[in-house]
Amino acid sequence: MTERAELLTAFDTLLQPERFRDYGPNGLQVEGRAKVHKIVSGVTASRALIEAAIAAKADVMFVHHGLFWRGQDGRVTGWMKQRLALLLAHDINLFAYHLPLDAHSELGNNAQFGVQLGLVGQSRFGEQDLGWLGGRADGGTFDSAQALSDHLAFVLNRPVALVYKSPKAIKKIAWCTGGAQSYFESAIAAGADAFITGEMSEPQAHLARECGVAYLACGHHASERYGAPAVAAHVAAQLGLAHEFIDIDNPA
Ligand SMILES: [Zn+2]
C-alpha cells in the first residue's frame, strides 16, 4: 500500500516527462483513490484493458497510450464516456506516459524491444533522439533483410511487412517502436541497413526501394508491449506494490 502522490513522484522521477514535447499529458490522467496497492500495466487504456484491471482488482493502471491527445474535441461522449465512467466508478488511477516511456534508456519501449530482439543500441537518431541505432548484441549480422524479418516474426509471433529485400548482410539496424514512419529518413541519413518500426505508410515503401534500406513494419502494438510492464514492475518493486501486465491483443 502506498500513496497515489508517491507513485506519481516515482514514475515522474524515472521517466522525466518534462524533457519531452509530447502529444498529450504525461503522468496522472484520471484521479482515483489516494491509497493504492496494485498496478495493472498495458499498452492502451482501452475499455477492454480497463475492464480487465477492474477484474484484477487494480487501483492503478499504467499505460503507454492514455485517453487524452492533442487535437481531440474534448467531448465526453460514446467510447470516451464509457471508459471514463468505468475508471471513475471503480476509483482507478490512470497513469499514462507516451514519449517518456518510449525513450527510457533501460526500461523504455525501444530499450526493451531491443532486448527482446537481441539488439543493442549504440546511438540515438531522429527527432527528440527517440530512434535507436545499433546492431546485434552478439556482434553478428543478419545474412539478409529477409533473415532479420524472419527473426522479428519469430520473436513477436506475428507477420512482418518487409519492403526492399536487401540481399546484403544487415549490420546497422535502426528502430523506433510504434508509429515511427516519419523516422525512416533520419534512419537512412544515419546509415542504417534496415529500419524497424510498428507501422508503414505509403511513401516509405518507395523510399526503401529507392534508398536501398530495408523497412520492416511489425505492428504498432507488438512493438510497444514491453516498456509499460518493465517500468511498472520496476516501480511496483520499489514501492512494494503488486503488479500484473495484461496484454489486450491488437492486430494493428
Ligand atoms: Zn504508440
# chains A, B, ... in the order shown; residues from 1 in each chain; ligands from 1
$ residues_around --residues "A:Val30" --least-positions-apart "5" --cutoff "10 Å" --atoms "only C-alpha atoms" --output "list in words"
Val60, Met61, Gly66, Leu67, Phe68, Leu84, Leu87, Leu88, Asp91, Ile92, Asn93, Leu94, Phe95 and Ala96 of chain A
$ write_last_selection --atoms "C-alpha atoms" --output "mmCIF file, in the first residue's frame"
data_model
loop_
_atom_site.group_PDB
_atom_site.id
_atom_site.type_symbol
_atom_site.label_atom_id
_atom_site.label_comp_id
_atom_site.auth_asym_id
_atom_site.auth_seq_id
_atom_site.Cartn_x
_atom_site.Cartn_y
_atom_site.Cartn_z
ATOM 1 C CA VAL A 60 -3.753 1.831 -10.715
ATOM 2 C CA MET A 61 -3.443 1.467 -14.482
ATOM 3 C CA GLY A 66 -3.686 7.177 -22.352
ATOM 4 C CA LEU A 67 -7.053 8.790 -23.002
ATOM 5 C CA PHE A 68 -6.168 12.346 -23.936
ATOM 6 C CA LEU A 84 -14.124 7.298 -18.030
ATOM 7 C CA LEU A 87 -12.468 4.290 -14.248
ATOM 8 C CA LEU A 88 -14.375 6.760 -12.072
ATOM 9 C CA ASP A 91 -11.881 4.773 -8.353
ATOM 10 C CA ILE A 92 -8.955 3.634 -10.537
ATOM 11 C CA ASN A 93 -5.986 5.946 -11.125
ATOM 12 C CA LEU A 94 -4.905 6.140 -14.764
ATOM 13 C CA PHE A 95 -1.241 6.947 -15.352
ATOM 14 C CA ALA A 96 -0.077 7.386 -18.951
#
$ residues_near_ligand --ligand "ligand 1" --cutoff "9 Å" --atoms "only C-alpha atoms and all ligand atoms" --output "PDB file with N, CA, C and O atoms, in the first residue's frame"
ATOM      1  N   VAL A  43      -0.733  -1.639 -22.831  1.00  0.00           N
ATOM      2  CA  VAL A  43      -0.307  -0.719 -23.883  1.00  0.00           C
ATOM      3  C   VAL A  43      -1.256   0.477 -23.981  1.00  0.00           C
ATOM      4  O   VAL A  43      -0.819   1.621 -24.039  1.00  0.00           O
ATOM      5  N   THR A  44      -2.557   0.223 -23.997  1.00  0.00           N
ATOM      6  CA  THR A  44      -3.544   1.257 -24.297  1.00  0.00           C
ATOM      7  C   THR A  44      -4.692   1.218 -23.292  1.00  0.00           C
ATOM      8  O   THR A  44      -5.168   0.125 -22.948  1.00  0.00           O
ATOM      9  N   HIS A  64       0.888   3.130 -21.980  1.00  0.00           N
ATOM     10  CA  HIS A  64       1.636   3.952 -22.938  1.00  0.00           C
ATOM     11  C   HIS A  64       0.688   4.930 -23.656  1.00  0.00           C
ATOM     12  O   HIS A  64       1.017   6.082 -23.862  1.00  0.00           O
ATOM     13  N   HIS A  65      -0.455   4.431 -24.081  1.00  0.00           N
ATOM     14  CA  HIS A  65      -1.453   5.266 -24.764  1.00  0.00           C
ATOM     15  C   HIS A  65      -2.595   5.556 -23.793  1.00  0.00           C
ATOM     16  O   HIS A  65      -3.422   4.681 -23.523  1.00  0.00           O
ATOM     17  N   HIS A  98       3.752   8.664 -22.618  1.00  0.00           N
ATOM     18  CA  HIS A  98       3.904   8.374 -24.039  1.00  0.00           C
ATOM     19  C   HIS A  98       5.382   8.424 -24.429  1.00  0.00           C
ATOM     20  O   HIS A  98       6.099   7.444 -24.245  1.00  0.00           O
ATOM     21  N   LEU A  99       5.869   9.532 -24.940  1.00  0.00           N
ATOM     22  CA  LEU A  99       7.273   9.578 -25.379  1.00  0.00           C
ATOM     23  C   LEU A  99       8.272   9.259 -24.257  1.00  0.00           C
ATOM     24  O   LEU A  99       9.276   8.580 -24.515  1.00  0.00           O
ATOM     25  N   ASP A 102       8.685   5.626 -24.313  1.00  0.00           N
ATOM     26  CA  ASP A 102       9.468   5.138 -25.460  1.00  0.00           C
ATOM     27  C   ASP A 102      10.958   5.289 -25.189  1.00  0.00           C
ATOM     28  O   ASP A 102      11.763   4.457 -25.585  1.00  0.00           O
ATOM     29  N   THR A 177       9.904   2.223 -31.871  1.00  0.00           N
ATOM     30  CA  THR A 177       8.649   1.482 -31.699  1.00  0.00           C
ATOM     31  C   THR A 177       7.430   2.346 -32.047  1.00  0.00           C
ATOM     32  O   THR A 177       7.493   3.571 -32.059  1.00  0.00           O
ATOM     33  N   GLY A 178       6.325   1.665 -32.327  1.00  0.00           N
ATOM     34  CA  GLY A 178       5.045   2.358 -32.544  1.00  0.00           C
ATOM     35  C   GLY A 178       4.862   2.835 -33.965  1.00  0.00           C
ATOM     36  O   GLY A 178       5.188   2.127 -34.911  1.00  0.00           O
ATOM     37  N   GLY A 179       4.365   4.063 -34.103  1.00  0.00           N
ATOM     38  CA  GLY A 179       4.084   4.621 -35.421  1.00  0.00           C
ATOM     39  C   GLY A 179       5.167   5.608 -35.805  1.00  0.00           C
ATOM     40  O   GLY A 179       4.926   6.805 -35.879  1.00  0.00           O
ATOM     41  N   ALA A 180       6.372   5.111 -36.058  1.00  0.00           N
ATOM     42  CA  ALA A 180       7.525   5.991 -36.280  1.00  0.00           C
ATOM     43  C   ALA A 180       7.921   6.031 -37.758  1.00  0.00           C
ATOM     44  O   ALA A 180       9.104   6.131 -38.086  1.00  0.00           O
ATOM     45  N   GLY A 198       6.649   0.005 -35.992  1.00  0.00           N
ATOM     46  CA  GLY A 198       5.383  -0.709 -35.941  1.00  0.00           C
ATOM     47  C   GLY A 198       4.607  -0.637 -37.236  1.00  0.00           C
ATOM     48  O   GLY A 198       4.048  -1.630 -37.699  1.00  0.00           O
ATOM     49  N   HIS A 220       2.225  -1.872 -34.529  1.00  0.00           N
ATOM     50  CA  HIS A 220       2.377  -0.804 -33.526  1.00  0.00           C
ATOM     51  C   HIS A 220       2.297  -1.406 -32.118  1.00  0.00           C
ATOM     52  O   HIS A 220       3.192  -1.241 -31.290  1.00  0.00           O
ATOM     53  N   HIS A 221       1.222  -2.161 -31.892  1.00  0.00           N
ATOM     54  CA  HIS A 221       1.037  -2.783 -30.567  1.00  0.00           C
ATOM     55  C   HIS A 221       2.170  -3.763 -30.254  1.00  0.00           C
ATOM     56  O   HIS A 221       2.733  -3.747 -29.157  1.00  0.00           O
ATOM     57  N   SER A 223       5.149  -3.861 -31.154  1.00  0.00           N
ATOM     58  CA  SER A 223       6.456  -3.264 -30.861  1.00  0.00           C
ATOM     59  C   SER A 223       6.451  -2.490 -29.543  1.00  0.00           C
ATOM     60  O   SER A 223       7.501  -2.130 -29.036  1.00  0.00           O
ATOM     61  N   GLU A 224       5.256  -2.243 -28.981  1.00  0.00           N
ATOM     62  CA  GLU A 224       5.180  -1.402 -27.772  1.00  0.00           C
ATOM     63  C   GLU A 224       4.638  -2.145 -26.560  1.00  0.00           C
ATOM     64  O   GLU A 224       4.106  -1.546 -25.639  1.00  0.00           O
TER      65      GLU A 224
END
$ closest_residue --among "A:Ser182, A:Ala217, A:Val115, A:Phe125" --to "A:Leu162" --atoms "only C-alpha atoms"
A:Ala217
$ residues_around --residues "stretch 142-159 of chain A" --least-positions-apart "4" --cutoff "6 Å" --atoms "only C-alpha atoms" --output "list in words"
Lys165, Ser166, Pro167, Lys168, Ala169 and Ile170 of chain A
$ write_last_selection --atoms "N, CA, C and O atoms" --output "compact mmCIF listing (two decimals), in the first residue's frame"
# COMPACT_ATOMS: atom_id res chain seq x y z
N LYS A 165 13.99 -6.10 -50.05
CA LYS A 165 14.65 -7.30 -49.53
C LYS A 165 16.13 -7.25 -49.86
O LYS A 165 16.62 -7.97 -50.72
N SER A 166 16.80 -6.39 -49.14
CA SER A 166 18.23 -6.21 -49.35
C SER A 166 18.95 -7.56 -49.23
O SER A 166 18.83 -8.25 -48.23
N PRO A 167 19.70 -7.93 -50.27
CA PRO A 167 20.42 -9.20 -50.20
C PRO A 167 21.71 -9.09 -49.39
O PRO A 167 22.35 -10.10 -49.09
N LYS A 168 22.09 -7.87 -49.03
CA LYS A 168 23.34 -7.66 -48.29
C LYS A 168 23.17 -8.08 -46.85
O LYS A 168 22.06 -8.11 -46.32
N ALA A 169 24.28 -8.34 -46.18
CA ALA A 169 24.23 -8.60 -44.74
C ALA A 169 23.74 -7.33 -44.03
O ALA A 169 24.08 -6.21 -44.43
N ILE A 170 22.92 -7.52 -42.99
CA ILE A 170 22.36 -6.39 -42.25
C ILE A 170 23.14 -6.25 -40.95
O ILE A 170 23.10 -7.12 -40.09
$ residues_around --residues "A:Val163" --least-positions-apart "5" --cutoff "12 Å" --atoms "only C-alpha atoms" --output "PyMOL selection string"
chain A and resi 145-146+149+194-196+200-218
$ residues_around --residues "A:Asp129" --least-positions-apart "4" --cutoff "12 Å" --atoms "only C-alpha atoms" --output "VMD selection string"
chain A and resid 19 to 21 99 to 100 102 to 105 110 123 to 125 133 175 to 176 183 186 to 187 190
$ select_by_dssp --residues "stretch 3-250 of chain A" --states "strand (DSSP E or B)" --output "JSON, numbers by chain"
{"A": [3, 27, 28, 29, 30, 35, 36, 38, 39, 40, 41, 42, 43, 44, 60, 61, 62, 63, 64, 65, 93, 94, 95, 96, 119, 120, 121, 122, 123, 124, 125, 131, 132, 133, 134, 135, 136, 142, 161, 162, 163, 170, 173, 174, 175, 194, 195, 196, 197, 214, 215, 216, 217, 242, 243, 244, 245]}
$ closest_residue --among "A:Tyr164, A:Phe62, A:Phe113, A:Tyr226" --to "A:His243" --atoms "only C-alpha atoms"
A:Phe62
$ residues_around --residues "A:Glu6" --least-positions-apart "3" --cutoff "10 Å" --atoms "only C-alpha atoms" --output "list in words"
Thr2, Glu3, Thr9, Ala10, Phe11, Asp12, Ala34, Lys35, Val36 and Leu239 of chain A
$ write_last_selection --atoms "N, CA and C atoms" --output "compact mmCIF listing (two decimals), in the first residue's frame"
# COMPACT_ATOMS: atom_id res chain seq x y z
N THR A 2 0.58 2.19 -0.90
CA THR A 2 1.31 3.46 -0.88
C THR A 2 0.35 4.57 -1.30
N GLU A 3 0.83 5.80 -1.24
CA GLU A 3 0.01 6.94 -1.63
C GLU A 3 0.11 7.16 -3.14
N THR A 9 5.25 10.54 -8.10
CA THR A 9 6.64 11.01 -7.98
C THR A 9 7.62 9.95 -8.49
N ALA A 10 7.35 8.69 -8.17
CA ALA A 10 8.25 7.62 -8.61
C ALA A 10 8.27 7.51 -10.14
N PHE A 11 7.09 7.55 -10.76
CA PHE A 11 7.03 7.48 -12.24
C PHE A 11 7.72 8.70 -12.86
N ASP A 12 7.42 9.88 -12.34
CA ASP A 12 7.99 11.11 -12.91
C ASP A 12 9.51 11.16 -12.74
N ALA A 34 -6.76 7.52 -3.20
CA ALA A 34 -5.49 8.10 -2.74
C ALA A 34 -4.49 7.04 -2.29
N LYS A 35 -4.98 5.94 -1.75
CA LYS A 35 -4.08 4.86 -1.31
C LYS A 35 -4.20 3.71 -2.30
N VAL A 36 -3.05 3.23 -2.78
CA VAL A 36 -3.09 2.24 -3.87
C VAL A 36 -2.28 1.00 -3.50
N LEU A 239 8.20 0.32 -4.54
CA LEU A 239 7.24 0.82 -3.54
C LEU A 239 6.47 -0.30 -2.84
$ select_by_dssp --residues "stretch 45-112 of chain A" --states "alpha helix (DSSP H)" --output "count of residues only"
30
$ closest_residue --among "A:Ala230, A:Val40, A:Leu15, A:Ala237" --to "A:Ala55" --atoms "only C-alpha atoms"
A:Val40
$ closest_residue --among "A:Gln72, A:Tyr23, A:Leu86, A:Ile173" --to "A:Ala52" --atoms "only C-alpha atoms"
A:Leu86
$ residues_around --residues "A:Gly139" --least-positions-apart "5" --cutoff "10 Å" --atoms "only C-alpha atoms" --output "list of chain:residue names"
A:Leu119, A:Val120, A:Gly134, A:Lys171
$ closest_residue --among "A:Ile39, A:Asp22, A:Asp73, A:Ile50" --to "A:Leu130" --atoms "only C-alpha atoms"
A:Asp22
$ atom_distance --atom1 "atom CA of A:Met80" --atom2 "atom CA of A:Ala233"
27.7 Å
$ atom_distance --atom1 "atom CA of A:Glu199" --atom2 "atom CA of A:Gly126"
16.6 Å
